[in-house]
$ cat target38.txt   # compact mmCIF, C-alpha atoms
# COMPACT_ATOMS: atom_id res chain seq x y z
CA MET A 694 0.00 0.00 0.00
CA ASP A 695 1.18 3.49 -0.82
CA GLN A 696 2.37 5.12 2.41
CA SER A 697 0.38 8.24 1.50
CA GLN A 698 -2.82 6.18 1.71
CA ILE A 699 -2.22 4.97 5.26
CA PRO A 700 -4.58 6.88 7.57
CA VAL A 701 -2.86 8.94 10.24
CA LYS A 702 -4.25 8.37 13.71
CA THR A 703 -5.08 11.70 15.34
CA ARG A 704 -3.98 12.31 18.92
CA THR A 705 -6.65 12.60 21.58
CA LYS A 706 -7.21 16.12 22.85
CA VAL A 707 -7.86 16.54 26.58
CA LEU A 708 -8.87 19.80 28.24
CA PHE A 709 -8.08 19.80 31.98
CA VAL A 710 -10.28 22.08 34.07
CA ILE A 711 -8.46 22.57 37.36
CA ASN A 712 -9.93 24.16 40.46
CA PRO A 713 -6.89 25.56 42.33
CA LYS A 714 -9.02 26.09 45.45
CA SER A 715 -9.95 22.42 45.79
CA GLY A 716 -9.19 20.62 49.01
CA SER A 717 -6.32 18.61 47.53
CA ALA A 718 -4.73 21.32 45.38
CA ARG A 719 -0.96 21.18 45.78
CA ASP A 720 1.38 23.57 43.93
CA ASN A 721 2.11 22.29 40.41
CA THR A 722 2.04 18.58 41.25
CA LEU A 723 -1.01 17.86 39.11
CA LYS A 724 0.31 19.84 36.15
CA ASP A 725 3.58 17.89 36.29
CA LEU A 726 1.65 14.59 36.35
CA ILE A 727 -0.46 15.69 33.37
CA SER A 728 2.66 16.54 31.36
CA GLU A 729 4.19 13.15 32.16
CA GLU A 730 1.00 11.28 31.24
CA ALA A 731 0.63 13.22 27.99
CA GLU A 732 4.03 11.89 26.92
CA THR A 733 3.31 8.35 28.09
CA GLN A 734 -0.25 8.12 26.73
CA ASN A 735 0.41 10.26 23.65
CA PHE A 736 -2.34 12.87 24.00
CA ASP A 737 -2.46 16.64 23.48
CA PHE A 738 -3.72 18.80 26.32
CA GLN A 739 -4.59 22.28 27.46
CA ILE A 740 -5.15 23.46 31.03
CA TYR A 741 -7.90 25.83 32.15
CA ASN A 742 -7.47 27.18 35.68
CA MET A 743 -10.77 28.12 37.27
CA SER A 744 -10.99 31.63 38.68
CA GLY A 745 -14.41 33.15 38.03
CA ASN A 746 -17.04 33.30 35.27
CA ASP A 747 -15.90 29.76 34.52
CA GLU A 748 -18.90 28.55 32.52
CA ALA A 749 -18.18 31.10 29.79
CA GLY A 750 -14.43 30.54 29.99
CA ILE A 751 -14.62 26.75 29.76
CA THR A 752 -17.16 26.91 26.93
CA THR A 753 -14.86 29.23 24.98
CA GLU A 754 -11.88 26.94 25.54
CA ILE A 755 -13.85 23.87 24.41
CA LYS A 756 -14.80 25.64 21.18
CA ARG A 757 -11.23 26.84 20.61
CA PHE A 758 -9.33 23.62 21.47
CA GLY A 759 -11.92 21.06 20.37
CA PRO A 760 -11.21 18.34 22.96
CA SER A 761 -12.83 14.90 22.90
CA ILE A 762 -12.35 14.67 26.69
CA VAL A 763 -12.73 17.33 29.37
CA ALA A 764 -11.15 16.32 32.67
CA ALA A 765 -12.58 18.00 35.77
CA ALA A 766 -9.91 18.22 38.48
CA GLY A 767 -11.55 19.38 41.69
CA GLY A 768 -14.31 18.39 44.07
CA ASP A 769 -17.91 17.49 43.32
CA GLY A 770 -18.79 21.13 42.65
CA THR A 771 -16.21 21.28 39.86
CA VAL A 772 -17.50 18.00 38.44
CA LYS A 773 -21.05 19.35 38.56
CA LEU A 774 -20.06 22.51 36.67
CA VAL A 775 -18.28 20.62 33.88
CA ALA A 776 -21.00 17.95 33.65
CA GLY A 777 -23.59 20.66 33.02
CA LEU A 778 -21.53 22.01 30.11
CA LEU A 779 -20.99 18.57 28.54
CA ALA A 780 -24.57 17.25 28.85
CA ASN A 781 -26.10 16.39 25.48
CA THR A 782 -22.74 16.73 23.68
CA GLU A 783 -20.29 14.19 22.21
CA VAL A 784 -17.52 15.28 24.59
CA THR A 785 -16.60 12.83 27.38
CA LEU A 786 -16.16 13.81 31.04
CA ALA A 787 -13.15 12.49 32.96
CA ILE A 788 -13.15 12.95 36.73
CA ILE A 789 -9.88 13.70 38.55
CA PRO A 790 -10.48 13.43 42.33
CA TYR A 791 -8.86 16.61 43.57
CA GLY A 792 -11.31 17.81 46.22
CA SER A 793 -12.05 17.07 49.86
CA ALA A 794 -14.89 14.56 49.40
CA ASN A 795 -14.76 13.38 45.76
CA GLY A 796 -18.11 11.65 46.03
CA MET A 797 -18.66 11.06 42.32
CA ALA A 798 -15.13 9.71 41.86
CA LYS A 799 -15.73 7.22 44.68
CA GLU A 800 -19.06 6.30 43.07
CA LEU A 801 -17.19 5.36 39.86
CA ASN A 802 -14.43 3.49 41.75
CA ILE A 803 -11.81 6.08 40.81
CA ALA A 804 -9.46 5.89 43.78
CA ASP A 805 -6.93 8.69 43.22
CA VAL A 806 -5.36 11.09 40.74
CA ASP A 807 -3.00 8.51 39.26
CA SER A 808 -5.73 5.98 38.51
CA ALA A 809 -7.94 8.75 37.11
CA LEU A 810 -5.22 9.80 34.68
CA ASP A 811 -4.72 6.16 33.63
CA LEU A 812 -8.35 6.09 32.49
CA LEU A 813 -7.59 8.62 29.74
CA SER A 814 -6.27 5.72 27.68
CA LYS A 815 -7.42 2.65 29.60
CA GLY A 816 -10.96 3.56 30.64
CA LYS A 817 -14.28 2.94 28.94
CA LYS A 818 -17.09 5.34 28.12
CA LYS A 819 -20.41 5.10 29.93
CA LYS A 820 -23.62 7.07 29.39
CA ILE A 821 -25.23 8.16 32.66
CA ASP A 822 -28.28 10.10 33.82
CA LEU A 823 -28.38 13.54 35.38
CA ILE A 824 -31.13 15.17 37.46
CA ASP A 825 -32.58 18.61 36.77
CA ILE A 826 -33.24 20.14 40.21
CA ASN A 827 -34.77 23.61 40.07
CA LYS A 828 -32.86 24.14 36.80
CA GLU A 829 -29.59 23.04 38.45
CA ILE A 830 -27.76 20.00 37.07
CA CYS A 831 -27.09 17.23 39.60
CA ILE A 832 -24.67 14.45 38.69
CA HIS A 833 -24.34 12.82 42.10
CA LEU A 834 -26.45 13.66 45.18
CA ALA A 835 -28.51 16.61 46.38
CA ASP A 836 -30.66 17.10 49.45
CA VAL A 837 -32.64 19.38 51.72
CA GLY A 838 -32.72 19.33 55.49
CA LEU A 839 -30.14 17.81 57.83
CA ASN A 840 -27.24 17.02 55.49
CA ALA A 841 -27.66 20.24 53.50
CA ARG A 842 -27.25 22.24 56.71
CA VAL A 843 -24.15 20.18 57.58
CA VAL A 844 -22.72 20.93 54.11
CA LYS A 845 -23.38 24.63 54.70
CA ARG A 846 -21.43 24.51 57.97
CA PHE A 847 -18.70 22.42 56.31
CA GLN A 848 -18.18 24.95 53.51
CA LYS A 849 -17.49 27.70 56.04
CA ASP A 850 -14.92 25.62 57.94
CA PRO A 851 -11.27 26.10 56.84
CA LYS A 852 -10.61 22.44 57.67
CA ARG A 853 -11.73 19.59 55.43
CA GLY A 854 -12.11 15.81 55.66
CA LYS A 855 -14.38 13.25 57.32
CA PHE A 856 -13.70 14.37 60.88
CA THR A 857 -14.70 17.95 60.08
CA TYR A 858 -17.90 16.68 58.44
CA ALA A 859 -18.63 14.43 61.46
CA LYS A 860 -18.08 17.39 63.83
CA HIS A 861 -20.72 19.44 62.04
CA LEU A 862 -23.10 16.48 61.74
CA PHE A 863 -23.11 15.95 65.50
CA GLY A 864 -23.41 19.72 65.98
CA GLU A 865 -26.60 19.71 63.92
CA MET A 866 -28.03 16.84 65.96
CA PHE A 867 -28.58 19.22 68.88
CA PHE A 868 -30.79 21.38 66.65
CA LEU A 869 -32.51 18.59 64.71
CA LYS A 870 -35.39 20.04 62.69
CA SER A 871 -38.26 18.22 61.02
CA TYR A 872 -40.28 19.38 58.03
CA ARG A 873 -43.60 18.49 56.47
CA PHE A 874 -43.23 17.64 52.80
CA HIS A 875 -46.00 17.50 50.20
CA ILE A 876 -44.60 15.18 47.53
CA THR A 877 -45.89 14.54 44.01
CA HIS A 878 -43.86 11.86 42.26
CA ASP A 879 -44.83 10.54 38.84
CA ASP A 880 -48.59 9.88 39.30
CA HIS A 881 -48.61 9.69 43.11
CA VAL A 882 -49.22 12.24 45.87
CA ILE A 883 -48.05 11.69 49.44
CA ASN A 884 -47.32 13.70 52.59
CA ARG A 885 -44.38 12.92 54.84
CA LYS A 886 -42.58 14.32 57.86
CA GLY A 887 -38.82 14.19 57.58
CA VAL A 888 -35.53 15.61 58.80
CA SER A 889 -34.14 15.36 55.27
CA ILE A 890 -34.81 14.24 51.71
CA THR A 891 -31.94 13.20 49.49
CA PHE A 892 -32.34 13.37 45.71
CA ALA A 893 -30.08 10.57 44.58
CA ASN A 894 -28.72 9.81 41.15
CA ALA A 895 -25.93 7.80 42.80
CA MET A 896 -25.48 5.58 45.85
CA LYS A 897 -23.00 7.06 48.31
CA TYR A 898 -21.50 10.19 49.77
CA GLY A 899 -17.79 10.94 49.62
CA THR A 900 -17.52 9.68 53.20
CA GLY A 901 -18.45 6.20 51.95
CA ALA A 902 -21.88 6.32 53.60
CA ILE A 903 -24.43 4.63 51.30
CA ILE A 904 -27.54 6.83 51.35
CA ASN A 905 -29.21 5.13 48.38
CA PRO A 906 -28.57 1.36 48.12
CA HIS A 907 -30.85 1.23 45.04
CA GLY A 908 -28.88 3.84 43.06
CA ILE A 909 -28.05 3.03 39.43
CA LEU A 910 -26.52 5.80 37.34
CA ASP A 911 -28.11 4.85 34.01
CA ASP A 912 -31.54 3.41 34.87
CA GLY A 913 -33.55 6.48 33.82
CA LYS A 914 -34.68 7.08 37.42
CA PHE A 915 -33.58 8.81 40.61
CA GLU A 916 -34.49 8.13 44.22
CA LEU A 917 -36.08 10.22 46.95
CA VAL A 918 -34.53 9.07 50.23
CA ILE A 919 -36.72 10.35 53.05
CA VAL A 920 -35.23 10.23 56.54
CA LYS A 921 -38.10 10.51 59.03
CA PRO A 922 -37.81 12.08 62.49
CA PHE A 923 -35.90 9.71 64.76
CA PRO A 924 -34.84 9.60 68.43
CA ARG A 925 -31.27 10.83 68.88
CA VAL A 926 -30.34 7.47 70.40
CA GLN A 927 -30.96 5.96 66.95
CA LEU A 928 -28.28 8.10 65.25
CA LEU A 929 -25.47 5.53 65.54
CA SER A 930 -27.77 2.74 64.33
CA ILE A 931 -28.79 4.75 61.28
CA ALA A 932 -25.18 5.76 60.59
CA TRP A 933 -24.07 2.11 60.83
CA LYS A 934 -26.75 1.01 58.39
CA MET A 935 -25.59 3.69 55.97
CA PHE A 936 -22.01 2.47 56.02
CA ILE A 937 -22.96 -1.18 55.47
CA GLY A 938 -25.47 -0.41 52.70
CA LYS A 939 -28.58 -1.36 54.68
CA LEU A 940 -30.21 2.03 55.22
CA HIS A 941 -33.34 0.88 53.38
CA THR A 942 -34.01 -1.57 56.24
CA SER A 943 -34.38 1.24 58.80
CA ASP A 944 -37.86 2.02 60.13
CA TYR A 945 -36.96 5.70 59.80
CA VAL A 946 -36.14 5.65 56.07
CA GLU A 947 -38.33 5.49 52.97
CA ILE A 948 -36.91 5.27 49.44
CA ILE A 949 -38.99 6.09 46.35
CA SER A 950 -37.77 5.62 42.75
CA CYS A 951 -39.22 8.04 40.21
CA LYS A 952 -38.62 9.97 37.00
CA LYS A 953 -40.17 13.25 38.03
CA ALA A 954 -41.12 14.85 41.34
CA ARG A 955 -42.30 18.06 42.95
CA ILE A 956 -41.75 18.66 46.64
CA ILE A 957 -43.18 21.49 48.71
CA SER A 958 -41.88 22.02 52.25
CA ASN A 959 -43.93 23.65 55.00
CA ARG A 960 -41.08 26.16 55.42
CA LYS A 961 -37.88 27.14 53.65
CA THR A 962 -34.96 24.74 53.96
CA THR A 963 -31.39 24.70 52.65
CA LEU A 964 -30.83 22.96 49.30
CA GLN A 965 -27.40 21.62 48.37
CA VAL A 966 -26.53 20.04 45.01
CA ASP A 967 -23.31 18.05 44.59
CA GLY A 968 -21.76 19.71 47.62
CA GLU A 969 -22.71 23.25 46.58
CA VAL A 970 -25.23 25.18 48.71
CA ILE A 971 -27.85 26.66 46.36
CA GLY A 972 -29.89 28.52 48.97
CA LYS A 973 -33.12 28.20 50.92
CA VAL A 974 -36.19 26.92 49.07
CA LYS A 975 -39.76 25.85 49.74
CA GLU A 976 -40.39 24.11 46.42
CA ILE A 977 -38.16 21.64 44.59
CA ASN A 978 -38.91 20.43 41.06
CA LEU A 979 -37.00 17.41 39.79
CA ALA A 980 -36.80 15.52 36.50
CA VAL A 981 -34.42 12.81 35.34
CA MET A 982 -32.30 13.50 32.26
CA PRO A 983 -31.68 9.97 30.98
CA ARG A 984 -28.24 9.05 29.61
CA VAL A 985 -27.27 12.58 28.59
CA LEU A 986 -23.66 12.54 29.83
CA THR A 987 -20.72 10.36 28.79
CA VAL A 988 -18.13 9.67 31.52
CA LEU A 989 -14.88 7.72 31.63
CA VAL A 990 -15.01 4.79 34.07
CA PRO A 991 -12.77 1.83 34.90
CA VAL A 992 -13.25 -1.12 32.53
CA ASN A 993 -14.56 -3.28 35.39
CA PHE A 994 -17.18 -0.72 36.50

$ encode --input "target38.txt" --output "structure tokens"
Amino acid sequence: MDQSQIPVKTRTKVLFVINPKSGSARDNTLKDLISEEAETQNFDFQIYNMSGNDEAGITTEIKRFGPSIVAAAGGDGTVKLVAGLLANTEVTLAIIPYGSANGMAKELNIADVDSALDLLSKGKKKKIDLIDINKEICIHLADVGLNARVVKRFQKDPKRGKFTYAKHLFGEMFFLKSYRFHITHDDHVINRKGVSITFANAMKYGTGAIINPHGILDDGKFELVIVKPFPRVQLLSIAWKMFIGKLHTSDYVEIISCKKARIISNRKTTLQVDGEVIGKVKEINLAVMPRVLTVLVPVNF
């Protein structure tokens, strides 16, 4: 065959979106690793450092560079931002766990930065669902009530990690609030009292606690996980069931799978989406967005 007729394989283009304020950000370590992997895996790359007005900046860089993969290096908030920009496109999301919790990375069995970078050439593509929550994109988990208030406290604390989260969780237990929720899901209407409702596309928090044992990322559904008012002496029992994946067996928990839901609280409550506090709301409208995002996952996922 004439050498001129042999097709030339184009190099993969990867745009790295790095949040320098993430919990694990360390000098130029990540940039050095990216440069090394680009040589080893034979890909071209550009780096976008987040600073402000990032949606417009990242969109511009995607149009200019034309990557087939955008790698989000940060916490779940960074992943959420990039996922929203890549939904309903042909561009694949890679997740680099570079934050303090890294819940979505743990969900996909991506253990650390090194293994995440390996996936750029060794991973497989998977289509997953997202949830539209009051016009906010949710890739992982969102909630109102107890955990959302803990997240709000956590964001204001200069320290990060599981112990800081646990400190604020037990702090909230002394001011445990319950709400009355009017819930319309698909064709059903119910009323429930609860200390929290989690809107779950996935299974577990970054702490490893499994809030939604029924979670499947590409089943075209999401779950409402309602935690009902419980005696404080039951806290350790509920926490234990979360960590062993048996929360659905608790008398204080109800899990509902649905494609669409509307929830009205008797009073305003804090809403957090993928670790980002959105604000206080009384009404939450949710709809699944089936298989609209392509992500890189380990081949055995």

$ closest_residue --input "target38.txt" --among "A:Asn795, A:Asn746, A:Ser761, A:Thr733" --to "Thr705 (chain A)" --atoms "all atoms listed in the file"
A:Ser761

$ closest_atom_pairs --input "target38.txt" --of "region 734-777 of chain A" --to "region 970-993 of chain A" --cutoff "12 Å" --atoms "all atoms listed in the file" --output "JSON lines"
{"residue": "A:Ser761", "atom": "CA", "partner": "A:Thr987", "partner_atom": "CA", "distance": 10.8}
{"residue": "A:Ile762", "atom": "CA", "partner": "A:Leu989", "partner_atom": "CA", "distance": 8.9}
{"residue": "A:Val763", "atom": "CA", "partner": "A:Val988", "partner_atom": "CA", "distance": 9.6}
{"residue": "A:Ala764", "atom": "CA", "partner": "A:Leu989", "partner_atom": "CA", "distance": 9.4}
{"residue": "A:Ala765", "atom": "CA", "partner": "A:Val988", "partner_atom": "CA", "distance": 10.9}
{"residue": "A:Asp769", "atom": "CA", "partner": "A:Val970", "partner_atom": "CA", "distance": 11.9}
{"residue": "A:Gly770", "atom": "CA", "partner": "A:Val970", "partner_atom": "CA", "distance": 9.7}
{"residue": "A:Val772", "atom": "CA", "partner": "A:Val988", "partner_atom": "CA", "distance": 10.8}
{"residue": "A:Lys773", "atom": "CA", "partner": "A:Leu986", "partner_atom": "CA", "distance": 11.4}
{"residue": "A:Val775", "atom": "CA", "partner": "A:Leu986", "partner_atom": "CA", "distance": 10.5}
{"residue": "A:Ala776", "atom": "CA", "partner": "A:Leu986", "partner_atom": "CA", "distance": 7.1}
{"residue": "A:Gly777", "atom": "CA", "partner": "A:Leu986", "partner_atom": "CA", "distance": 8.7}

$ closest_residue --input "target38.txt" --among "A:Leu964, A:Leu917, A:Ser943, A:Ser744" --to "Leu929 (chain A)" --atoms "all atoms listed in the file"
A:Ser943

$ atom_distance --input "target38.txt" --atom1 "CA of Glu732 (chain A)" --atom2 "CA of Thr753 (chain A)"
25.7 Å

$ atom_distance --input "target38.txt" --atom1 "CA of Arg704 (chain A)" --atom2 "CA of Ala766 (chain A)"
21.3 Å
